[in-house]
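Text of the file start-v8.cif, holding mmCIF, C-alpha atoms and all ligand atoms; chains and numbers go by the auth columns:
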data_protein
#
loop_
_atom_site.group_PDB
_atom_site.id
_atom_site.type_symbol
_atom_site.label_atom_id
_atom_site.label_comp_id
_atom_site.label_asym_id
_atom_site.label_seq_id
_atom_site.Cartn_x
_atom_site.Cartn_y
_atom_site.Cartn_z
_atom_site.B_iso_or_equiv
_atom_site.auth_seq_id
_atom_site.auth_asym_id
ATOM 1 C CA MET A 1 101.161 95.016 65.177 0.00 1 A
ATOM 2 C CA SER A 2 101.290 91.440 66.577 0.00 2 A
ATOM 3 C CA ASP A 3 98.771 88.868 65.297 0.00 3 A
ATOM 4 C CA ILE A 4 97.051 88.668 68.685 0.00 4 A
ATOM 5 C CA ARG A 5 96.621 92.447 68.917 0.00 5 A
ATOM 6 C CA LYS A 6 95.285 92.576 65.363 0.00 6 A
ATOM 7 C CA GLU A 7 92.827 89.739 66.109 0.00 7 A
ATOM 8 C CA PHE A 8 91.656 91.532 69.264 0.00 8 A
ATOM 9 C CA LYS A 9 91.190 94.795 67.336 0.00 9 A
ATOM 10 C CA ASP A 10 89.153 92.969 64.672 0.00 10 A
ATOM 11 C CA ILE A 11 86.894 91.476 67.369 0.00 11 A
ATOM 12 C CA LEU A 12 86.319 94.947 68.884 0.00 12 A
ATOM 13 C CA ASN A 13 85.595 96.447 65.460 0.00 13 A
ATOM 14 C CA ASN A 14 83.105 93.678 64.676 0.00 14 A
ATOM 15 C CA ALA A 15 81.394 94.126 68.047 0.00 15 A
ATOM 16 C CA GLU A 16 81.188 97.893 67.511 0.00 16 A
ATOM 17 C CA SER A 17 79.601 97.556 64.068 0.00 17 A
ATOM 18 C CA TYR A 18 77.149 94.961 65.400 0.00 18 A
ATOM 19 C CA LEU A 19 76.073 97.300 68.213 0.00 19 A
ATOM 20 C CA MET A 20 75.754 100.258 65.808 0.00 20 A
ATOM 21 C CA GLN A 21 73.603 98.133 63.510 0.00 21 A
ATOM 22 C CA GLN A 22 71.411 97.051 66.438 0.00 22 A
ATOM 23 C CA GLU A 23 71.084 100.648 67.592 0.00 23 A
ATOM 24 C CA GLN A 24 69.991 101.758 64.129 0.00 24 A
ATOM 25 C CA LEU A 25 67.449 98.962 63.982 0.00 25 A
ATOM 26 C CA PHE A 26 66.103 99.006 67.512 0.00 26 A
ATOM 27 C CA GLY A 27 67.064 102.354 69.052 0.00 27 A
ATOM 28 C CA GLY A 28 68.524 102.059 72.542 0.00 28 A
ATOM 29 C CA ILE A 29 67.429 98.445 72.959 0.00 29 A
ATOM 30 C CA ILE A 30 70.133 95.840 72.607 0.00 30 A
ATOM 31 C CA TYR A 31 69.196 92.412 71.315 0.00 31 A
ATOM 32 C CA LYS A 32 71.475 89.802 72.829 0.00 32 A
ATOM 33 C CA THR A 33 71.514 86.274 71.474 0.00 33 A
ATOM 34 C CA SER A 34 71.353 83.527 74.090 0.00 34 A
ATOM 35 C CA ALA A 35 74.731 82.022 74.785 0.00 35 A
ATOM 36 C CA SER A 36 75.149 78.402 73.760 0.00 36 A
ATOM 37 C CA LYS A 37 75.598 77.612 77.456 0.00 37 A
ATOM 38 C CA ILE A 38 71.982 78.638 78.046 0.00 38 A
ATOM 39 C CA GLU A 39 70.722 76.102 75.542 0.00 39 A
ATOM 40 C CA LYS A 40 72.951 73.476 77.148 0.00 40 A
ATOM 41 C CA THR A 41 71.793 73.976 80.709 0.00 41 A
ATOM 42 C CA SER A 42 68.126 74.365 79.938 0.00 42 A
ATOM 43 C CA ALA A 43 67.446 71.984 77.077 0.00 43 A
ATOM 44 C CA PRO A 44 64.209 70.020 77.593 0.00 44 A
ATOM 45 C CA LEU A 45 64.899 66.411 78.551 0.00 45 A
ATOM 46 C CA ALA A 46 64.783 63.875 75.738 0.00 46 A
ATOM 47 C CA GLU A 47 62.581 61.573 77.856 0.00 47 A
ATOM 48 C CA PHE A 48 59.711 64.069 77.486 0.00 48 A
ATOM 49 C CA GLN A 49 60.054 64.488 73.729 0.00 49 A
ATOM 50 C CA SER A 50 56.717 62.773 73.055 0.00 50 A
ATOM 51 C CA VAL A 51 54.826 64.837 75.668 0.00 51 A
ATOM 52 C CA ASN A 52 52.718 67.404 73.863 0.00 52 A
ATOM 53 C CA SER A 53 50.437 68.998 76.425 0.00 53 A
ATOM 54 C CA LEU A 54 51.005 70.838 79.681 0.00 54 A
ATOM 55 C CA ASP A 55 48.547 68.600 81.562 0.00 55 A
ATOM 56 C CA GLU A 56 50.321 65.469 80.419 0.00 56 A
ATOM 57 C CA PHE A 57 53.675 66.972 81.316 0.00 57 A
ATOM 58 C CA ASN A 58 52.439 68.038 84.765 0.00 58 A
ATOM 59 C CA ALA A 59 51.148 64.519 85.423 0.00 59 A
ATOM 60 C CA GLN A 60 54.507 63.031 84.422 0.00 60 A
ATOM 61 C CA ILE A 61 56.702 65.215 86.619 0.00 61 A
ATOM 62 C CA SER A 62 54.496 66.092 89.601 0.00 62 A
ATOM 63 C CA SER A 63 56.027 63.424 91.819 0.00 63 A
ATOM 64 C CA CYS A 64 59.606 64.433 90.961 0.00 64 A
ATOM 65 C CA LYS A 65 62.186 63.881 93.680 0.00 65 A
ATOM 66 C CA LYS A 66 65.288 64.679 91.709 0.00 66 A
ATOM 67 C CA CYS A 67 66.447 67.041 94.431 0.00 67 A
ATOM 68 C CA SER A 68 65.821 67.203 98.177 0.00 68 A
ATOM 69 C CA LEU A 69 63.080 69.841 97.762 0.00 69 A
ATOM 70 C CA GLY A 70 60.861 67.014 96.602 0.00 70 A
ATOM 71 C CA ASP A 71 60.947 65.668 100.180 0.00 71 A
ATOM 72 C CA THR A 72 60.176 68.953 101.937 0.00 72 A
ATOM 73 C CA ARG A 73 57.490 70.453 99.673 0.00 73 A
ATOM 74 C CA LYS A 74 53.816 70.392 100.575 0.00 74 A
ATOM 75 C CA ASN A 75 52.762 70.746 96.949 0.00 75 A
ATOM 76 C CA PHE A 76 54.428 70.568 93.584 0.00 76 A
ATOM 77 C CA VAL A 77 53.902 73.946 91.866 0.00 77 A
ATOM 78 C CA PHE A 78 53.841 73.313 88.130 0.00 78 A
ATOM 79 C CA GLY A 79 52.510 76.611 86.757 0.00 79 A
ATOM 80 C CA VAL A 80 49.200 78.187 85.873 0.00 80 A
ATOM 81 C CA GLY A 81 47.553 80.057 83.046 0.00 81 A
ATOM 82 C CA ASN A 82 46.765 79.974 79.376 0.00 82 A
ATOM 83 C CA PRO A 83 48.473 77.032 77.630 0.00 83 A
ATOM 84 C CA ASN A 84 48.614 79.162 74.462 0.00 84 A
ATOM 85 C CA ALA A 85 49.811 82.302 76.216 0.00 85 A
ATOM 86 C CA LYS A 86 51.824 84.819 74.256 0.00 86 A
ATOM 87 C CA VAL A 87 53.395 86.029 77.487 0.00 87 A
ATOM 88 C CA MET A 88 55.059 83.965 80.202 0.00 88 A
ATOM 89 C CA PHE A 89 56.166 85.210 83.610 0.00 89 A
ATOM 90 C CA VAL A 90 58.973 83.262 85.247 0.00 90 A
ATOM 91 C CA GLY A 91 60.074 83.630 88.865 0.00 91 A
ATOM 92 C CA GLU A 92 62.624 81.673 90.852 0.00 92 A
ATOM 93 C CA ALA A 93 60.694 79.350 93.176 0.00 93 A
ATOM 94 C CA PRO A 94 57.421 78.914 95.099 0.00 94 A
ATOM 95 C CA GLY A 95 57.082 80.581 98.511 0.00 95 A
ATOM 96 C CA ALA A 96 55.035 79.468 101.511 0.00 96 A
ATOM 97 C CA ASP A 97 51.622 80.457 100.074 0.00 97 A
ATOM 98 C CA GLU A 98 52.423 78.876 96.747 0.00 98 A
ATOM 99 C CA ASP A 99 53.643 75.690 98.433 0.00 99 A
ATOM 100 C CA ALA A 100 50.435 75.544 100.484 0.00 100 A
ATOM 101 C CA GLN A 101 48.141 76.072 97.481 0.00 101 A
ATOM 102 C CA GLY A 102 50.140 74.407 94.684 0.00 102 A
ATOM 103 C CA GLU A 103 49.879 77.529 92.519 0.00 103 A
ATOM 104 C CA PRO A 104 52.572 80.113 91.703 0.00 104 A
ATOM 105 C CA PHE A 105 52.269 83.773 92.740 0.00 105 A
ATOM 106 C CA VAL A 106 49.183 83.523 94.965 0.00 106 A
ATOM 107 C CA GLY A 107 50.312 85.412 98.082 0.00 107 A
ATOM 108 C CA ARG A 108 50.842 89.171 98.439 0.00 108 A
ATOM 109 C CA ALA A 109 53.459 89.050 95.694 0.00 109 A
ATOM 110 C CA GLY A 110 50.918 87.324 93.473 0.00 110 A
ATOM 111 C CA GLN A 111 48.338 90.041 94.131 0.00 111 A
ATOM 112 C CA LEU A 112 50.900 92.641 93.139 0.00 112 A
ATOM 113 C CA LEU A 113 51.705 90.675 89.988 0.00 113 A
ATOM 114 C CA ASN A 114 47.971 90.763 89.145 0.00 114 A
ATOM 115 C CA LYS A 115 48.071 94.579 89.458 0.00 115 A
ATOM 116 C CA ILE A 116 51.158 94.745 87.230 0.00 116 A
ATOM 117 C CA LEU A 117 49.285 92.652 84.659 0.00 117 A
ATOM 118 C CA GLU A 118 46.248 94.953 84.852 0.00 118 A
ATOM 119 C CA ALA A 119 48.517 97.942 84.247 0.00 119 A
ATOM 120 C CA VAL A 120 49.425 96.521 80.840 0.00 120 A
ATOM 121 C CA GLN A 121 45.853 95.416 80.069 0.00 121 A
ATOM 122 C CA LEU A 122 46.471 91.733 80.705 0.00 122 A
ATOM 123 C CA LYS A 123 44.649 89.331 82.988 0.00 123 A
ATOM 124 C CA ARG A 124 46.091 86.387 84.857 0.00 124 A
ATOM 125 C CA GLU A 125 44.199 83.988 82.608 0.00 125 A
ATOM 126 C CA ASP A 126 45.766 85.569 79.487 0.00 126 A
ATOM 127 C CA VAL A 127 49.332 84.713 80.483 0.00 127 A
ATOM 128 C CA TYR A 128 51.257 81.739 81.849 0.00 128 A
ATOM 129 C CA ILE A 129 52.961 82.019 85.229 0.00 129 A
ATOM 130 C CA CYS A 130 55.555 79.647 86.651 0.00 130 A
ATOM 131 C CA ASN A 131 58.913 79.388 88.373 0.00 131 A
ATOM 132 C CA ILE A 132 62.241 77.783 87.594 0.00 132 A
ATOM 133 C CA LEU A 133 61.921 75.516 90.654 0.00 133 A
ATOM 134 C CA LYS A 134 58.682 73.628 91.053 0.00 134 A
ATOM 135 C CA CYS A 135 59.154 73.005 94.797 0.00 135 A
ATOM 136 C CA ARG A 136 59.658 75.465 97.645 0.00 136 A
ATOM 137 C CA PRO A 137 63.139 75.878 99.125 0.00 137 A
ATOM 138 C CA PRO A 138 62.805 75.639 102.945 0.00 138 A
ATOM 139 C CA ASP A 139 62.574 78.978 104.806 0.00 139 A
ATOM 140 C CA ASN A 140 62.413 80.769 101.456 0.00 140 A
ATOM 141 C CA ARG A 141 66.155 80.467 100.986 0.00 141 A
ATOM 142 C CA ASP A 142 67.574 81.163 97.542 0.00 142 A
ATOM 143 C CA PRO A 143 67.504 78.242 95.115 0.00 143 A
ATOM 144 C CA MET A 144 70.800 76.380 94.881 0.00 144 A
ATOM 145 C CA LEU A 145 72.549 76.092 91.533 0.00 145 A
ATOM 146 C CA LYS A 146 72.236 72.305 91.569 0.00 146 A
ATOM 147 C CA GLU A 147 68.474 72.553 92.157 0.00 147 A
ATOM 148 C CA MET A 148 68.073 74.954 89.233 0.00 148 A
ATOM 149 C CA GLU A 149 70.222 72.738 87.046 0.00 149 A
ATOM 150 C CA LEU A 150 68.006 69.737 87.822 0.00 150 A
ATOM 151 C CA CYS A 151 64.689 71.571 87.574 0.00 151 A
ATOM 152 C CA SER A 152 65.158 74.050 84.727 0.00 152 A
ATOM 153 C CA PRO A 153 64.726 71.475 81.926 0.00 153 A
ATOM 154 C CA TYR A 154 61.088 71.318 83.100 0.00 154 A
ATOM 155 C CA LEU A 155 60.744 75.040 82.461 0.00 155 A
ATOM 156 C CA SER A 156 62.326 74.590 79.042 0.00 156 A
ATOM 157 C CA LYS A 157 59.743 71.958 78.189 0.00 157 A
ATOM 158 C CA GLN A 158 56.963 74.288 79.372 0.00 158 A
ATOM 159 C CA ILE A 159 58.345 77.009 77.096 0.00 159 A
ATOM 160 C CA GLU A 160 58.585 74.509 74.236 0.00 160 A
ATOM 161 C CA LEU A 161 54.913 73.555 74.705 0.00 161 A
ATOM 162 C CA ILE A 162 53.541 77.079 75.215 0.00 162 A
ATOM 163 C CA LYS A 163 55.747 78.795 72.616 0.00 163 A
ATOM 164 C CA PRO A 164 55.376 82.279 74.146 0.00 164 A
ATOM 165 C CA LYS A 165 56.391 85.355 72.193 0.00 165 A
ATOM 166 C CA PHE A 166 57.533 87.092 75.379 0.00 166 A
ATOM 167 C CA ILE A 167 59.077 85.929 78.626 0.00 167 A
ATOM 168 C CA ILE A 168 59.164 88.330 81.539 0.00 168 A
ATOM 169 C CA CYS A 169 61.729 87.211 84.016 0.00 169 A
ATOM 170 C CA LEU A 170 60.904 88.228 87.586 0.00 170 A
ATOM 171 C CA GLY A 171 63.893 88.937 89.786 0.00 171 A
ATOM 172 C CA ARG A 172 67.661 88.655 89.743 0.00 172 A
ATOM 173 C CA ILE A 173 67.970 84.958 90.521 0.00 173 A
ATOM 174 C CA ALA A 174 65.679 83.729 87.757 0.00 174 A
ATOM 175 C CA ALA A 175 67.237 86.155 85.283 0.00 175 A
ATOM 176 C CA GLN A 176 70.814 85.249 86.163 0.00 176 A
ATOM 177 C CA TRP A 177 70.031 81.577 85.731 0.00 177 A
ATOM 178 C CA LEU A 178 68.155 81.896 82.453 0.00 178 A
ATOM 179 C CA LEU A 179 70.719 84.253 80.956 0.00 179 A
ATOM 180 C CA GLN A 180 73.659 82.393 82.539 0.00 180 A
ATOM 181 C CA THR A 181 75.240 85.562 83.803 0.00 181 A
ATOM 182 C CA SER A 182 76.292 87.107 87.090 0.00 182 A
ATOM 183 C CA ASP A 183 75.191 90.593 85.975 0.00 183 A
ATOM 184 C CA SER A 184 73.179 92.650 88.450 0.00 184 A
ATOM 185 C CA LEU A 185 69.461 93.061 87.925 0.00 185 A
ATOM 186 C CA THR A 186 70.059 96.710 87.081 0.00 186 A
ATOM 187 C CA ALA A 187 72.432 95.672 84.310 0.00 187 A
ATOM 188 C CA MET A 188 69.973 93.097 82.914 0.00 188 A
ATOM 189 C CA ARG A 189 66.931 95.425 82.859 0.00 189 A
ATOM 190 C CA GLN A 190 65.833 97.433 79.835 0.00 190 A
ATOM 191 C CA LYS A 191 67.409 95.019 77.379 0.00 191 A
ATOM 192 C CA VAL A 192 65.775 92.449 75.171 0.00 192 A
ATOM 193 C CA TYR A 193 67.215 88.962 75.037 0.00 193 A
ATOM 194 C CA ASN A 194 66.402 86.029 72.805 0.00 194 A
ATOM 195 C CA TYR A 195 65.443 82.941 74.791 0.00 195 A
ATOM 196 C CA GLN A 196 64.097 79.767 73.190 0.00 196 A
ATOM 197 C CA GLY A 197 62.555 81.822 70.390 0.00 197 A
ATOM 198 C CA ALA A 198 60.912 84.364 72.720 0.00 198 A
ATOM 199 C CA LYS A 199 61.868 87.930 73.541 0.00 199 A
ATOM 200 C CA LEU A 200 62.917 87.956 77.174 0.00 200 A
ATOM 201 C CA ILE A 201 63.007 90.998 79.404 0.00 201 A
ATOM 202 C CA VAL A 202 63.981 91.253 83.054 0.00 202 A
ATOM 203 C CA THR A 203 62.314 93.147 85.859 0.00 203 A
ATOM 204 C CA TYR A 204 61.987 93.095 89.655 0.00 204 A
ATOM 205 C CA HIS A 205 60.281 90.247 91.486 0.00 205 A
ATOM 206 C CA PRO A 206 56.961 91.446 93.006 0.00 206 A
ATOM 207 C CA ALA A 207 58.167 90.259 96.446 0.00 207 A
ATOM 208 C CA ALA A 208 61.114 92.649 96.102 0.00 208 A
ATOM 209 C CA LEU A 209 58.677 95.484 95.307 0.00 209 A
ATOM 210 C CA LEU A 210 56.822 94.746 98.542 0.00 210 A
ATOM 211 C CA ARG A 211 60.115 95.148 100.416 0.00 211 A
ATOM 212 C CA ASN A 212 61.232 98.217 98.500 0.00 212 A
ATOM 213 C CA PRO A 213 58.466 100.317 96.880 0.00 213 A
ATOM 214 C CA ASN A 214 61.148 102.525 95.242 0.00 214 A
ATOM 215 C CA TRP A 215 61.544 99.742 92.682 0.00 215 A
ATOM 216 C CA LYS A 216 57.944 100.154 91.489 0.00 216 A
ATOM 217 C CA ARG A 217 58.933 102.934 89.118 0.00 217 A
ATOM 218 C CA PRO A 218 61.687 100.982 87.306 0.00 218 A
ATOM 219 C CA THR A 219 59.296 98.011 87.161 0.00 219 A
ATOM 220 C CA TRP A 220 56.745 100.219 85.447 0.00 220 A
ATOM 221 C CA GLU A 221 59.436 101.318 82.969 0.00 221 A
ATOM 222 C CA ASP A 222 60.195 97.653 82.254 0.00 222 A
ATOM 223 C CA MET A 223 56.519 96.916 81.698 0.00 223 A
ATOM 224 C CA GLN A 224 56.309 99.889 79.347 0.00 224 A
ATOM 225 C CA LEU A 225 59.200 98.394 77.373 0.00 225 A
ATOM 226 C CA PHE A 226 57.287 95.093 77.292 0.00 226 A
ATOM 227 C CA GLN A 227 54.101 96.839 76.157 0.00 227 A
ATOM 228 C CA LYS A 228 55.931 98.646 73.366 0.00 228 A
ATOM 229 C CA LEU A 229 57.443 95.386 72.099 0.00 229 A
ATOM 230 C CA TYR A 230 54.093 93.591 72.480 0.00 230 A
ATOM 231 C CA ASN A 231 52.198 96.249 70.534 0.00 231 A
ATOM 232 C CA GLU A 232 54.829 96.214 67.795 0.00 232 A
ATOM 233 C CA GLN A 233 54.692 92.462 67.410 0.00 233 A
ATOM 234 C CA MET A 234 51.068 91.484 68.089 0.00 234 A
HETATM 235 S S1 LIG B . 62.587 71.336 92.717 0.00 301 A
HETATM 236 FE FE1 LIG B . 62.390 70.484 90.662 0.00 301 A
HETATM 237 S S2 LIG B . 64.008 68.935 90.518 0.00 301 A
HETATM 238 FE FE2 LIG B . 63.691 69.367 92.705 0.00 301 A
HETATM 239 S S3 LIG B . 62.193 67.837 93.342 0.00 301 A
HETATM 240 FE FE3 LIG B . 61.064 69.671 92.801 0.00 301 A
HETATM 241 S S4 LIG B . 60.472 69.350 90.674 0.00 301 A
HETATM 242 FE FE4 LIG B . 62.108 67.892 91.118 0.00 301 A
#

Now that the file is in, can you turn its structure into structure tokens?
Ligand code: SF4
Amino acid sequence: MSDIRKEFKDILNNAESYLMQQEQLFGGIIYKTSASKIEKTSAPLAEFQSVNSLDEFNAQISSCKKCSLGDTRKNFVFGVGNPNAKVMFVGEAPGADEDAQGEPFVGRAGQLLNKILEAVQLKREDVYICNILKCRPPDNRDPMLKEMELCSPYLSKQIELIKPKFIICLGRIAAQWLLQTSDSLTAMRQKVYNYQGAKLIVTYHPAALLRNPNWKRPTWEDMQLFQKLYNEQM
């Protein structure tokens, strides 16, 4: 057998034993370590190293104009909730209602998120809610990669300050960015990832549930997975 083929076989064998070990430990749930690329793209900026509260951080970045969304926003949408939350919800970007009010998840999607929280015995004030982008993309278009690259270090700093035990990633775009993958949402669901020291799971964005109620059931399954992990750990 050539050296390359042997090396390849060794890699496959190692991967197989790792997955078997994970299965024995955690059942069907696969724990996936964040790729180094994730740390690279989302590391908090060194200039904010001395900032140690969310209010101080908000005050320092609320006039950001690093990308063109800073010129078109009505309001900067930092995030809302318990600064010591164990659970953080992260979406992709503010929409029209959020832009108007300066608070994430306040429109119909926000009301649905409140119901999802109630279903797992949590209240809005128990958790922390924010987005990757802090300013609304015009006409609710998808965030551009460059915008997420520029803005996501702010999210990383928020995570560093809050130190959540769980991050629930809402929707494909936020999940693909945080996990640095092009996997479909279906492929990312029902797995547990490690992200900045928190367990991260992926589910549908509430706005997507408003468009397609058939996704409510899989969302409930994802929240049950969250609840199981939460009850085990807390
Ligand atoms: S989206 Fe983020 S990077 Fe762009 S202006 Fe707003 S806060 Fe700054």

Check every protein, DNA and RNA residue against ligand LIG 301 (chain A), keep those with an atom at most 12 Å away (counting all atoms listed in the file), and present them as a JSON list (two decimals) with C-alpha atoms, in the frame of the given file.
[["chain", "number", "residue", "atom", "x", "y", "z"],
["A", 57, "PHE", "CA", 53.68, 66.97, 81.32],
["A", 58, "ASN", "CA", 52.44, 68.04, 84.76],
["A", 59, "ALA", "CA", 51.15, 64.52, 85.42],
["A", 60, "GLN", "CA", 54.51, 63.03, 84.42],
["A", 61, "ILE", "CA", 56.70, 65.22, 86.62],
["A", 62, "SER", "CA", 54.50, 66.09, 89.60],
["A", 63, "SER", "CA", 56.03, 63.42, 91.82],
["A", 64, "CYS", "CA", 59.61, 64.43, 90.96],
["A", 65, "LYS", "CA", 62.19, 63.88, 93.68],
["A", 66, "LYS", "CA", 65.29, 64.68, 91.71],
["A", 67, "CYS", "CA", 66.45, 67.04, 94.43],
["A", 68, "SER", "CA", 65.82, 67.20, 98.18],
["A", 69, "LEU", "CA", 63.08, 69.84, 97.76],
["A", 70, "GLY", "CA", 60.86, 67.01, 96.60],
["A", 71, "ASP", "CA", 60.95, 65.67, 100.18],
["A", 72, "THR", "CA", 60.18, 68.95, 101.94],
["A", 73, "ARG", "CA", 57.49, 70.45, 99.67],
["A", 74, "LYS", "CA", 53.82, 70.39, 100.58],
["A", 75, "ASN", "CA", 52.76, 70.75, 96.95],
["A", 76, "PHE", "CA", 54.43, 70.57, 93.58],
["A", 77, "VAL", "CA", 53.90, 73.95, 91.87],
["A", 78, "PHE", "CA", 53.84, 73.31, 88.13],
["A", 79, "GLY", "CA", 52.51, 76.61, 86.76],
["A", 92, "GLU", "CA", 62.62, 81.67, 90.85],
["A", 93, "ALA", "CA", 60.69, 79.35, 93.18],
["A", 94, "PRO", "CA", 57.42, 78.91, 95.10],
["A", 99, "ASP", "CA", 53.64, 75.69, 98.43],
["A", 131, "ASN", "CA", 58.91, 79.39, 88.37],
["A", 132, "ILE", "CA", 62.24, 77.78, 87.59],
["A", 133, "LEU", "CA", 61.92, 75.52, 90.65],
["A", 134, "LYS", "CA", 58.68, 73.63, 91.05],
["A", 135, "CYS", "CA", 59.15, 73.00, 94.80],
["A", 136, "ARG", "CA", 59.66, 75.46, 97.64],
["A", 137, "PRO", "CA", 63.14, 75.88, 99.12],
["A", 138, "PRO", "CA", 62.80, 75.64, 102.94],
["A", 143, "PRO", "CA", 67.50, 78.24, 95.12],
["A", 144, "MET", "CA", 70.80, 76.38, 94.88],
["A", 145, "LEU", "CA", 72.55, 76.09, 91.53],
["A", 146, "LYS", "CA", 72.24, 72.31, 91.57],
["A", 147, "GLU", "CA", 68.47, 72.55, 92.16],
["A", 148, "MET", "CA", 68.07, 74.95, 89.23],
["A", 149, "GLU", "CA", 70.22, 72.74, 87.05],
["A", 150, "LEU", "CA", 68.01, 69.74, 87.82],
["A", 151, "CYS", "CA", 64.69, 71.57, 87.57],
["A", 152, "SER", "CA", 65.16, 74.05, 84.73],
["A", 153, "PRO", "CA", 64.73, 71.47, 81.93],
["A", 154, "TYR", "CA", 61.09, 71.32, 83.10],
["A", 155, "LEU", "CA", 60.74, 75.04, 82.46]]

* Run the PyMOL selection byres (((chain A and resi 83) around 8) and not hetatm) on the file and write out the hits as a VMD selection string. => chain A and resid 54 81 to 82 84 to 85 128 161 to 162

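Closest to Cys169 (chain A) among A:Ala187, A:Met234, A:Val90, A:Leu229 is A:Val90, based on all atoms listed in the file.
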
* To do: Write out as a PyMOL selection string each polymer residue whose atoms come within 12 Å of Gln233 (chain A), counting all atoms listed in the file; drop sequence neighbours fewer than 2 positions from it.
  => chain A and resi 86+165-166+198-199+226-231

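Among the candidates A:Val51, A:Ile129, A:Ile116, A:Pro164, the residue lying nearest to Thr219 (chain A) is A:Ile116 (atoms considered: all atoms listed in the file).
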
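Here the question is which of A:Leu209, A:Asp222, A:Asp183, A:Glu160 gets nearest to Gln111 (chain A) using only C-alpha atoms, and that residue is A:Leu209.
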
* Asked: Quick one: distance from CA of Asn52 (chain A) to CA of Ile159 (chain A) in Å, one decimal?
  -> 11.6 Å

Once 6 Å is added on each side, what are the centre and the three edge lengths, in Å to one decimal, of the axis-aligned box enclosing the listed atoms of region 57-64 of chain A? Present them as AutoDock Vina command-line options.
--center_x 55.4 --center_y 65.5 --center_z 86.6 --size_x 20.5 --size_y 17.0 --size_z 22.5

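Rounded to one decimal, CA of Gly171 (chain A) and CA of Pro104 (chain A) lie 14.5 Å from each other.
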
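The residue that comes closest to Ser53 (chain A), out of A:Gln101, A:Gln158, A:Asn214, A:Thr186 and on the basis of all atoms listed in the file, is A:Gln158.
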
* So how far away is CA of Ser156 (chain A) from CA of Ala109 (chain A), in Å? -> 23.8 Å

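Comparing A:Ala100, A:Ala43, A:Leu185, A:Leu200 by their smallest distance to Pro218 (chain A), the closest is A:Leu185 (using only C-alpha atoms).
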